[in-house]
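Asker: Please read through the structure below; I'll follow up with questions.
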Amino acid sequence: MSLDLDDLDRAILRALTQDATQSAGALGRHLGLSQPATWRRIKRLETAGVLAGRRVDLDQEALGFGVTVFLGIKLAAKGRVSLDDFERAVTAIPEVQVVQHVLGLFDYRLRVTARDLPDFERVLRRRIMTLPGVGQVEANVLLSEERRPGPLG
């Protein structure tokens, strides 16, 4: 379903990107809309699939997970292990925060959080390297991250 977004729709999306917890009333007051009008617009954006959900971003470091590593995983033999088997196994590892099936040198890109480098090494050796079909692995340790607002500004 395609939806034509007007300036108010984009303003609502920008505002919810900054703080998804704000109520329709507070958002409406900020944008000069009534609470019911704002609520109807939000519901329309949800129904159209433009607003796919709201989430809470946890501060991993504050929770004791000070290391983030991006792993590129190339499966050893695609014919010998199904992608579904790999995905099912990798998503069961709690330290794996994101699993992306990608096109390129690697088959998968994982975002892994750990308490520290020894903890990451344990996760890598005992959990990730034992997954079905894992072949080549490349690790990139996150040094810093800047979040950008995206195309809506």
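A note on labels: chains of the structure tokens are A, B, ... as shown, every chain counts residues from 1, and ligands are counted from 1 in their shown order.
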Residues near segment 61-65 of chain A, anyone? I mean within 8 Å using only C-alpha atoms, not counting same-chain ones fewer than 5 positions away, as number ranges by chain.

Answerer: A: 113-116

Asker: Taking the backbone alone, and naming residues the way the document does, which bits of chain A are strand (DSSP E) by DSSP, as an MDAnalysis selection string?

Answerer: chainID A and resid 67:75 96:101 108:114 134:141

Asker: For a quick check of understanding, using only C-alpha atoms, which of A:Leu27, A:Arg109, A:Arg14, A:Arg125 has the smallest distance to Leu51 of chain A?

Answerer: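 Result for the nearest residue to Leu51 of chain A: A:Arg14.
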
Asker: Per residue of segment 30-149 of chain A within 10 Å of segment 5-10 of chain A, what are the shortest atom pair and its distance in Å to one decimal, counting only C-alpha atoms, with rows by chain and residue number, as CSV?

Answerer:
residue,atom,partner,partner_atom,distance
A:Leu31,CA,A:Leu8,CA,7.8
A:Gly32,CA,A:Leu8,CA,9.7
A:Leu33,CA,A:Leu8,CA,9.2
A:Thr38,CA,A:Leu8,CA,9.2
A:Arg41,CA,A:Asp9,CA,7.1
A:Ile42,CA,A:Asp9,CA,8.2
A:Arg44,CA,A:Asp9,CA,9.6
A:Leu45,CA,A:Asp9,CA,7.9
A:Val50,CA,A:Leu5,CA,9.6

Asker: Can you tell me, as a PyMOL selection string, what residues are no more than 10 Å from segment 91-100 of chain A when counting only C-alpha atoms, ignoring any on the same chain fewer than 4 positions away?

Answerer: chain A and resi 65+68-72+86-87+107-115+120+123-124+127-128

Asker: DSSP on the backbone, then: every residue of chain A marked alpha helix (DSSP H), written as a ChimeraX atom specification.

Answerer: /A:7-18,24-31,35-47,83-90,117-123

Asker: For each of A:Ala76, A:Val102, A:Val67, A:Ala89, take the minimum atom-to-atom distance to Leu143 of chain A, counting only C-alpha atoms, then give the residue where this is smallest.

Answerer: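 Closest residue, counting only C-alpha atoms: A:Val67.
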
Asker: One decimal, in Å: what's the spacing between atom CA of Glu146 of chain A and atom CA of Ala52 of chain A?

Answerer: 22.9 Å

Asker: Tell me, in Å to one decimal, how far atom CA of Asp84 of chain A is from atom CA of Thr130 of chain A.

Answerer: 15.8 Å

Asker: Could you state the separation of atom CA of Leu83 of chain A and atom CA of Leu131 of chain A in Å, given to one decimal place?

Answerer: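 Going from atom CA of Leu83 of chain A over to atom CA of Leu131 of chain A, I get 11.4 Å.
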